[in-house]
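Inspection log for the structure reproduced underneath, given as structure tokens.
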There are 4 protein chains.
Amino acid sequence: MTNQNAIDPKSTAVLIVDPQNDFLSEGGAVWDLVGGEVTRNKVVERLSRIKQAAKDAQIPVFYSPHYYTEGEYQSWKHLNVVEKVMFERKMFTTGTWGAEFHPELQPDENTIVLSPHKGLSNFATGDINAQLRQRDIKTLIIAGMAANLCVESHVRDAAEHAFDVITVKDAVAGPGEESTKAAQTNFEFIAEKNVTTDEIVEILQSNLIVQK
Amino acid sequence: MTNQNAIDPKSTAVLIVDPQNDFLSEGGAVWDLVGGEVTRNKVVERLSRIKQAAKDAQIPVFYSPHYYTEGEYQSWKHLNVVEKVMFERKMFTTGTWGAEFHPELQPDENTIVLSPHKGLSNFATGDINAQLRQRDIKTLIIAGMAANLCVESHVRDAAEHAFDVITVKDAVAGPGEESTKAAQTNFEFIAEKNVTTDEIVEILQSNLIVQK
Amino acid sequence: MTNQNAIDPKSTAVLIVDPQNDFLSEGGAVWDLVGGEVTRNKVVERLSRIKQAAKDAQIPVFYSPHYYTEGEYQSWKHLNVVEKVMFERKMFTTGTWGAEFHPELQPDENTIVLSPHKGLSNFATGDINAQLRQRDIKTLIIAGMAANLCVESHVRDAAEHAFDVITVKDAVAGPGEESTKAAQTNFEFIAEKNVTTDEIVEILQSNLIVQK
Amino acid sequence: MTNQNAIDPKSTAVLIVDPQNDFLSEGGAVWDLVGGEVTRNKVVERLSRIKQAAKDAQIPVFYSPHYYTEGEYQSWKHLNVVEKVMFERKMFTTGTWGAEFHPELQPDENTIVLSPHKGLSNFATGDINAQLRQRDIKTLIIAGMAANLCVESHVRDAAEHAFDVITVKDAVAGPGEESTKAAQTNFEFIAEKNVTTDEIVEILQSNLIVQK
């Protein structure tokens, strides 16, 4: 641990993207596509560790959830490949089990649930920029699902908005190993730092000590 | 009615901003500030007429609601004057009567409720752009509350996004007559057309006939 | 002068909107529409004073210019009323005298010229958000042209992005007195503070002293 | 060629990202990082073919250039890894040879040069959304540099804004083979179609015939 890794808890937040059953639980809408990588990367366990370490360090955790409605399934006309898959499978339907947060990742008093996003990023279809800037957040630690889709778009948009982005490269999973790897390759360029869960938890715990 | 006023129902939508009790009902959080103008402009009655005329013309009605949470009241640090008033009065608190849609403006099968917005405009903190563009909407008829605050910001952002904007100048109300007038002055510049409720209802009914 | 008015020069900037000949010089494209108000409000003189006071206080001045091209005049299809006027008059044509900065408001070593904007606001069509956030700017002092059109849209968007906005109510001018007044009415709600040129210059000078 | 591949020339445009010497010419600021892939993928030749085929089909070609200034090199504080590289090497400095368009990709009467972007995407820091929507463009054919950085961010943002995106997978290049591959992996998900230069040129030529 060097000083270079120190983060300021007053201006730092964790952002967890799409921690919902359709991605993270057996039986979820795309479990057949992402389950192997979710399991291999222990995504639920690692997100839980990050969430707890942030809470201990008094750093807020923002959730960016993903919802769709029946009306959207029927009326949206400009779908890319991943949206076609989500719409065919009625993924993230508001009010269903699949759209609920994973049981081990339930929001607590340290969690702020953002307005839901559509497409790929909450910066395009939600309230994330206002929620972060209104709280003077400048550094974002980002993890979640899916690695090369919504997580990567949140990372890119956060960088465009001049946040300092720390990606957690092993607390993500894509639809297939190649997808996870594509995200990890890109994180090396578009994040300020790209670390493991062990590394970010150590940073958060060190900061906690510094803070006291 | 001239051809110049014809609108294409396939690419047109109505947008009603903040049709919630805190603005439109006696006892709402800022009724003392806006009630006089709401009453004078018969906003509830006029919004109801527009909503029905749109439904008859098979034109969708989008609602852009405004919500806040206790967490936001406590943690947001960069409030302008109008946000300070809203936060002091705990306006639009999620789950309260004040945040509910006015009883005469309940959503029906022709209503699409957007993700809620914060601040002034759904384009900044919601999903409106995606919801409209995914449905090939190009023309927006805009009315609601408050005239010179959220309505006007939706109008400006819609224009920036290259939508053709028709404002309904008498189906809005601001906090005081001067505020309503400020919005009406600005609509004359930043909308493509600025019409009365009677005029837009006539256009919608004519289009209905043309369509058949 | 109270402490409440103190601003932090390290996180504050001045933003001057459209300080170009077509607005501010006799013979400009819309001088017949805005010249009376520009003269009455001494806009050039007041912008010059603010620009100098900011420089003395080591606070950067951002310019948000407005340009159009012949190609845009010919191909844009969704014009609101003010754009129709600008396009008919070929206002702000890149490379013309009308698009140049007013002679008394030439950029100097303390001026940062943003990418030009179209429509109403640099937040929609330029690089302002990145330029400000990359420099840790949190407070924006805004003035320029036209009061109720581009200035007001910059003010609204800055508020949405959680900047603290100080409007300079007498260093703006609209197309006609009613337009100037509409902007001033709205500034009272959507800015954090709404001050005169004398007041902001005094604040900037006081800060200068505090800083030393 | 099936009907499924038909595109409407009236609502389609080509978007070429960063076709500048610093990326595409020997001696450019990052030629040592991208030159191998640029050469292997014949990016200049393929972009030239797409540009010509679009012109023949009367489909406009938009350029999204990337510029920085000395002031930005000195004052920006929140740089990700790729920005650090660009800033150290003073890539894309306005007014230098490196920032100029490649000699074989000079704009012509069918080219529309967008306001420059910073960071990764013109949707965040430029005027692309207004320029496209004002012309009723709905389908975007995207290629250019660098594959997994600015091209991919333009692709993602175009999808968020509900454009139909066609990526040209072999008319891009990243910093290293793994980067090019990461982009190609992601295009398969976030574009509506992902085609080769040969395929898009054939589509454009077929459309030309249909149009006559």
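Chain labels run A, B, ... following the order of the structure tokens; each chain numbers its residues from 1, and ligands are numbered from 1 in the order shown.
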**OP:** For chain C, list the residues within 6 Å of chain D, counting only C-alpha atoms, and write the list as a list in words.
**Re:** Trp76, Lys77, His78, Thr125, Gly126, Asp127, Gln134 and Arg135 of chain C
Original post:
Mind checking DSSP for range 97-196 of chain D and telling me the strand (DSSP E) residues as a PyMOL selection string?
Top reply: chain D and resi 111-113+139-145+164-173+193-195
Original post:
Could you work out how far CA of Arg156 in chain B lies from CA of Phe163 in chain C, giving the answer in Å with one decimal?
Top reply: 18.7 Å
**OP:** Do a neighbour search on Ala182 in chain A at 10 Å with only C-alpha atoms, toss out local chain neighbours closer than 2 positions, and write the hits as an NGL selection string.
**Re:** (:A and (147-149 or 152 or 174 or 177-180 or 184-187)) or (:D and (148 or 178-186))
Subject >> Residue neighbourhood Ala13 in chain B, 12 Å, only C-alpha atoms, exclusion window fewer than 3 positions, as a ChimeraX atom specification >> reply: /B:7-10,16,50-51,53-55,57-63,110-112,128,131-133,135-143,163-166,204
Filtering to N, CA, C and O atoms, could you give me those residues as a compact mmCIF listing (two decimals), in the first residue's frame?
```
# COMPACT_ATOMS: atom_id res chain seq x y z
N ILE B 7 -50.32 17.68 -37.80
CA ILE B 7 -49.23 16.94 -37.16
C ILE B 7 -49.41 15.47 -37.52
O ILE B 7 -50.53 15.01 -37.79
N ASP B 8 -48.32 14.74 -37.52
CA ASP B 8 -48.35 13.33 -37.87
C ASP B 8 -48.52 12.52 -36.59
O ASP B 8 -47.60 12.46 -35.77
N PRO B 9 -49.67 11.89 -36.38
CA PRO B 9 -49.88 11.16 -35.11
C PRO B 9 -48.86 10.04 -34.90
O PRO B 9 -48.61 9.66 -33.76
N LYS B 10 -48.26 9.55 -35.95
CA LYS B 10 -47.29 8.44 -35.79
C LYS B 10 -45.98 8.91 -35.16
O LYS B 10 -45.23 8.09 -34.64
N ILE B 16 -46.49 15.69 -20.44
CA ILE B 16 -47.03 16.45 -19.30
C ILE B 16 -46.02 16.37 -18.15
O ILE B 16 -45.64 15.29 -17.72
N ILE B 50 -56.36 17.95 -22.88
CA ILE B 50 -55.26 17.59 -23.80
C ILE B 50 -55.01 16.09 -23.76
O ILE B 50 -54.84 15.43 -24.79
N LYS B 51 -55.00 15.56 -22.54
CA LYS B 51 -54.77 14.12 -22.35
C LYS B 51 -55.82 13.29 -23.10
O LYS B 51 -55.49 12.30 -23.77
N ALA B 53 -57.81 14.32 -25.62
CA ALA B 53 -57.73 14.56 -27.07
C ALA B 53 -56.58 13.75 -27.68
O ALA B 53 -56.70 13.23 -28.81
N ALA B 54 -55.48 13.65 -26.95
CA ALA B 54 -54.35 12.85 -27.44
C ALA B 54 -54.73 11.39 -27.54
O ALA B 54 -54.45 10.71 -28.54
N LYS B 55 -55.43 10.92 -26.51
CA LYS B 55 -55.85 9.51 -26.51
C LYS B 55 -56.79 9.24 -27.69
O LYS B 55 -56.64 8.23 -28.39
N ALA B 57 -56.84 10.71 -30.43
CA ALA B 57 -56.06 10.79 -31.67
C ALA B 57 -55.00 9.69 -31.75
O ALA B 57 -54.19 9.69 -32.67
N GLN B 58 -55.00 8.79 -30.77
CA GLN B 58 -54.02 7.70 -30.70
C GLN B 58 -52.58 8.20 -30.64
O GLN B 58 -51.68 7.64 -31.24
N ILE B 59 -52.43 9.30 -29.93
CA ILE B 59 -51.10 9.87 -29.69
C ILE B 59 -50.73 9.60 -28.24
O ILE B 59 -51.50 9.93 -27.34
N PRO B 60 -49.56 8.99 -27.98
CA PRO B 60 -49.23 8.66 -26.59
C PRO B 60 -48.98 9.89 -25.73
O PRO B 60 -48.52 10.92 -26.22
N VAL B 61 -49.29 9.75 -24.45
CA VAL B 61 -49.04 10.81 -23.47
C VAL B 61 -47.94 10.35 -22.53
O VAL B 61 -48.07 9.32 -21.86
N PHE B 62 -46.84 11.10 -22.49
CA PHE B 62 -45.74 10.79 -21.57
C PHE B 62 -45.86 11.67 -20.34
O PHE B 62 -46.10 12.87 -20.45
N TYR B 63 -45.69 11.07 -19.18
CA TYR B 63 -45.63 11.82 -17.93
C TYR B 63 -44.17 11.86 -17.47
O TYR B 63 -43.51 10.83 -17.40
N ASN B 110 -53.07 4.75 -22.23
CA ASN B 110 -52.38 5.57 -23.23
C ASN B 110 -51.23 6.40 -22.63
O ASN B 110 -50.60 7.20 -23.32
N THR B 111 -50.99 6.21 -21.34
CA THR B 111 -49.95 7.00 -20.64
C THR B 111 -48.67 6.20 -20.46
O THR B 111 -48.74 5.04 -20.04
N ILE B 112 -47.57 6.80 -20.74
CA ILE B 112 -46.26 6.19 -20.47
C ILE B 112 -45.58 7.04 -19.40
O ILE B 112 -45.32 8.23 -19.63
N ILE B 128 -36.07 10.18 -20.82
CA ILE B 128 -36.98 10.69 -21.85
C ILE B 128 -36.42 10.60 -23.26
O ILE B 128 -37.13 10.22 -24.20
N GLN B 131 -36.67 7.04 -24.48
CA GLN B 131 -38.08 6.61 -24.63
C GLN B 131 -38.72 7.21 -25.88
O GLN B 131 -39.51 6.55 -26.56
N LEU B 132 -38.41 8.46 -26.18
CA LEU B 132 -39.01 9.11 -27.34
C LEU B 132 -38.36 8.63 -28.63
O LEU B 132 -39.05 8.29 -29.60
N ARG B 133 -37.04 8.59 -28.68
CA ARG B 133 -36.35 8.22 -29.92
C ARG B 133 -36.57 6.74 -30.26
O ARG B 133 -36.62 6.38 -31.43
N ARG B 135 -39.21 5.25 -29.98
CA ARG B 135 -40.55 5.17 -30.58
C ARG B 135 -40.70 6.07 -31.81
O ARG B 135 -41.81 6.30 -32.29
N ASP B 136 -39.60 6.63 -32.29
CA ASP B 136 -39.61 7.51 -33.47
C ASP B 136 -40.49 8.75 -33.30
O ASP B 136 -41.06 9.27 -34.27
N ILE B 137 -40.60 9.24 -32.07
CA ILE B 137 -41.31 10.50 -31.82
C ILE B 137 -40.43 11.65 -32.28
O ILE B 137 -39.24 11.69 -31.98
N LYS B 138 -41.02 12.58 -33.02
CA LYS B 138 -40.27 13.75 -33.48
C LYS B 138 -40.91 15.07 -33.03
O LYS B 138 -40.25 16.10 -33.01
N THR B 139 -42.21 15.03 -32.73
CA THR B 139 -42.92 16.24 -32.32
C THR B 139 -43.46 16.06 -30.91
O THR B 139 -44.08 15.04 -30.61
N LEU B 140 -43.25 17.06 -30.06
CA LEU B 140 -43.68 17.00 -28.66
C LEU B 140 -44.59 18.17 -28.34
O LEU B 140 -44.21 19.33 -28.53
N ILE B 141 -45.76 17.87 -27.82
CA ILE B 141 -46.69 18.89 -27.32
C ILE B 141 -46.50 18.92 -25.80
O ILE B 141 -46.73 17.92 -25.13
N ILE B 142 -46.04 20.06 -25.27
CA ILE B 142 -45.63 20.10 -23.86
C ILE B 142 -46.48 21.05 -23.03
O ILE B 142 -46.74 22.19 -23.44
N ALA B 143 -46.90 20.57 -21.85
CA ALA B 143 -47.65 21.38 -20.88
C ALA B 143 -47.39 20.83 -19.49
O ALA B 143 -46.74 19.80 -19.34
N PHE B 163 -36.14 17.95 -31.29
CA PHE B 163 -37.57 17.66 -31.41
C PHE B 163 -38.29 18.94 -31.85
O PHE B 163 -37.84 20.05 -31.55
N ASP B 164 -39.39 18.78 -32.58
CA ASP B 164 -40.27 19.91 -32.87
C ASP B 164 -41.18 20.10 -31.67
O ASP B 164 -41.95 19.19 -31.34
N VAL B 165 -41.10 21.26 -31.04
CA VAL B 165 -41.82 21.47 -29.79
C VAL B 165 -43.00 22.40 -29.98
O VAL B 165 -42.87 23.50 -30.54
N ILE B 166 -44.17 21.94 -29.52
CA ILE B 166 -45.37 22.78 -29.46
C ILE B 166 -45.68 22.99 -27.98
O ILE B 166 -45.96 22.02 -27.26
N LEU B 204 -55.56 18.30 -32.64
CA LEU B 204 -55.58 16.86 -32.38
C LEU B 204 -56.86 16.23 -32.93
O LEU B 204 -56.83 15.14 -33.49
```
Subject >> Surrounding residues of range 45-47 of chain B excluding itself and chain neighbours under 5 positions, 12 Å, only C-alpha atoms, as an MDAnalysis selection string >> reply: chainID B and resid 14:20 24 38:40 52:54 61 63 102:106 141:145 168:173 196:201
Subject >> Computed interatomic separation between CA of Ser153 in chain D and CA of Phe23 in chain D (Å) >> reply: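 The value is 16.6 Å.
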**OP:** In Å, rounded to a single decimal, give me how far CA of Tyr67 in chain A is from CA of Ala146 in chain A.
**Re:** 14.3 Å
Original post:
Per DSSP on the backbone, what are the alpha helix (DSSP H) residues of range 39-173 of chain B, as a VMD selection string?
Top reply: chain B and resid 39 to 40 43 to 56 70 to 75 81 to 88 122 to 125 128 to 133 152 to 160
Write out the residues from the selection above, keeping N, CA and C atoms, as a CSV table (one decimal), in the first residue's frame.
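File part22.csv, as written:
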```csv
chain,number,residue,atom,x,y,z
B,39,THR,N,-55.2,27.8,-10.6
B,39,THR,CA,-56.7,28.0,-10.6
B,39,THR,C,-57.0,28.9,-11.8
B,40,ARG,N,-56.3,30.0,-11.9
B,40,ARG,CA,-56.6,31.0,-12.9
B,40,ARG,C,-56.4,30.4,-14.3
B,43,VAL,N,-55.5,24.7,-14.9
B,43,VAL,CA,-54.4,23.8,-15.4
B,43,VAL,C,-54.9,22.3,-15.4
B,44,VAL,N,-55.6,21.9,-14.3
B,44,VAL,CA,-56.0,20.5,-14.2
B,44,VAL,C,-57.0,20.2,-15.3
B,45,GLU,N,-58.0,21.1,-15.5
B,45,GLU,CA,-59.0,20.9,-16.5
B,45,GLU,C,-58.4,20.9,-17.9
B,46,ARG,N,-57.5,21.8,-18.2
B,46,ARG,CA,-56.8,21.8,-19.5
B,46,ARG,C,-55.9,20.6,-19.8
B,47,LEU,N,-55.2,20.2,-18.8
B,47,LEU,CA,-54.3,19.0,-19.0
B,47,LEU,C,-55.2,17.8,-19.2
B,48,SER,N,-56.4,17.7,-18.6
B,48,SER,CA,-57.3,16.6,-18.8
B,48,SER,C,-57.8,16.6,-20.2
B,49,ARG,N,-58.1,17.8,-20.7
B,49,ARG,CA,-58.7,17.9,-22.1
B,49,ARG,C,-57.6,17.5,-23.1
B,50,ILE,N,-56.4,17.9,-22.9
B,50,ILE,CA,-55.3,17.6,-23.8
B,50,ILE,C,-55.0,16.1,-23.8
B,51,LYS,N,-55.0,15.6,-22.5
B,51,LYS,CA,-54.8,14.1,-22.4
B,51,LYS,C,-55.8,13.3,-23.1
B,52,GLN,N,-57.1,13.7,-23.0
B,52,GLN,CA,-58.1,13.0,-23.7
B,52,GLN,C,-58.1,13.1,-25.2
B,53,ALA,N,-57.8,14.3,-25.6
B,53,ALA,CA,-57.7,14.6,-27.1
B,53,ALA,C,-56.6,13.8,-27.7
B,54,ALA,N,-55.5,13.6,-27.0
B,54,ALA,CA,-54.3,12.9,-27.4
B,54,ALA,C,-54.7,11.4,-27.5
B,55,LYS,N,-55.4,10.9,-26.5
B,55,LYS,CA,-55.9,9.5,-26.5
B,55,LYS,C,-56.8,9.2,-27.7
B,56,ASP,N,-57.7,10.1,-27.9
B,56,ASP,CA,-58.7,10.0,-29.0
B,56,ASP,C,-57.9,10.0,-30.4
B,70,GLU,N,-35.7,11.2,1.2
B,70,GLU,CA,-35.1,11.7,2.5
B,70,GLU,C,-33.6,11.9,2.3
B,71,GLY,N,-33.0,10.9,1.7
B,71,GLY,CA,-31.5,10.9,1.6
B,71,GLY,C,-31.1,12.1,0.8
B,72,GLU,N,-31.8,12.4,-0.3
B,72,GLU,CA,-31.4,13.6,-1.1
B,72,GLU,C,-31.6,14.9,-0.3
B,73,TYR,N,-32.7,14.9,0.4
B,73,TYR,CA,-32.9,16.2,1.3
B,73,TYR,C,-31.7,16.4,2.2
B,74,GLN,N,-31.1,15.3,2.7
B,74,GLN,CA,-30.1,15.5,3.6
B,74,GLN,C,-28.7,15.6,3.0
B,75,SER,N,-28.5,15.1,1.8
B,75,SER,CA,-27.1,15.0,1.3
B,75,SER,C,-26.8,15.9,0.1
B,81,VAL,N,-32.2,28.2,-5.8
B,81,VAL,CA,-33.3,28.8,-5.0
B,81,VAL,C,-34.5,27.9,-5.0
B,82,VAL,N,-34.9,27.4,-6.2
B,82,VAL,CA,-36.1,26.6,-6.2
B,82,VAL,C,-35.9,25.2,-5.5
B,83,GLU,N,-34.7,24.7,-5.6
B,83,GLU,CA,-34.5,23.4,-4.9
B,83,GLU,C,-34.5,23.6,-3.4
B,84,LYS,N,-34.0,24.8,-3.0
B,84,LYS,CA,-34.0,25.0,-1.5
B,84,LYS,C,-35.5,25.0,-1.0
B,85,VAL,N,-36.3,25.7,-1.8
B,85,VAL,CA,-37.8,25.7,-1.4
B,85,VAL,C,-38.3,24.3,-1.4
B,86,MET,N,-38.1,23.5,-2.4
B,86,MET,CA,-38.6,22.1,-2.5
B,86,MET,C,-38.0,21.3,-1.4
B,87,PHE,N,-36.8,21.4,-1.0
B,87,PHE,CA,-36.2,20.6,0.0
B,87,PHE,C,-36.7,21.0,1.4
B,88,GLU,N,-36.8,22.3,1.6
B,88,GLU,CA,-37.3,22.7,2.9
B,88,GLU,C,-38.7,22.2,3.2
B,122,ASN,N,-36.2,16.1,-17.3
B,122,ASN,CA,-36.0,14.7,-17.5
B,122,ASN,C,-34.9,14.3,-18.5
B,123,PHE,N,-34.5,15.3,-19.4
B,123,PHE,CA,-33.4,15.0,-20.3
B,123,PHE,C,-32.1,14.9,-19.5
B,124,ALA,N,-32.0,15.6,-18.4
B,124,ALA,CA,-30.8,15.6,-17.6
B,124,ALA,C,-30.7,14.4,-16.6
B,125,THR,N,-31.8,14.0,-16.1
B,125,THR,CA,-31.8,13.0,-15.0
B,125,THR,C,-32.8,11.9,-15.2
B,128,ILE,N,-36.1,10.2,-20.8
B,128,ILE,CA,-37.0,10.7,-21.9
B,128,ILE,C,-36.4,10.6,-23.3
B,129,ASN,N,-35.2,10.9,-23.5
B,129,ASN,CA,-34.6,10.9,-24.8
B,129,ASN,C,-34.7,9.5,-25.4
B,130,ALA,N,-34.3,8.5,-24.7
B,130,ALA,CA,-34.3,7.1,-25.2
B,130,ALA,C,-35.8,6.7,-25.4
B,131,GLN,N,-36.7,7.0,-24.5
B,131,GLN,CA,-38.1,6.6,-24.6
B,131,GLN,C,-38.7,7.2,-25.9
B,132,LEU,N,-38.4,8.5,-26.2
B,132,LEU,CA,-39.0,9.1,-27.3
B,132,LEU,C,-38.4,8.6,-28.6
B,133,ARG,N,-37.0,8.6,-28.7
B,133,ARG,CA,-36.3,8.2,-29.9
B,133,ARG,C,-36.6,6.7,-30.3
B,152,GLU,N,-40.4,24.7,-18.7
B,152,GLU,CA,-39.5,25.4,-19.6
B,152,GLU,C,-38.2,24.6,-19.9
B,153,SER,N,-37.7,24.0,-18.8
B,153,SER,CA,-36.4,23.2,-19.0
B,153,SER,C,-36.7,22.0,-20.0
B,154,HIS,N,-37.8,21.4,-19.8
B,154,HIS,CA,-38.1,20.3,-20.8
B,154,HIS,C,-38.2,20.8,-22.2
B,155,VAL,N,-38.8,22.0,-22.3
B,155,VAL,CA,-39.0,22.6,-23.7
B,155,VAL,C,-37.6,22.9,-24.3
B,156,ARG,N,-36.8,23.5,-23.5
B,156,ARG,CA,-35.4,23.9,-24.0
B,156,ARG,C,-34.6,22.6,-24.4
B,157,ASP,N,-34.7,21.6,-23.5
B,157,ASP,CA,-33.9,20.4,-23.8
B,157,ASP,C,-34.5,19.7,-25.0
B,158,ALA,N,-35.8,19.6,-25.1
B,158,ALA,CA,-36.4,19.0,-26.3
B,158,ALA,C,-35.9,19.7,-27.6
B,159,ALA,N,-35.8,21.0,-27.5
B,159,ALA,CA,-35.4,21.8,-28.7
B,159,ALA,C,-33.9,21.4,-29.0
B,160,GLU,N,-33.1,21.3,-28.0
B,160,GLU,CA,-31.6,21.0,-28.1
B,160,GLU,C,-31.5,19.6,-28.8
```
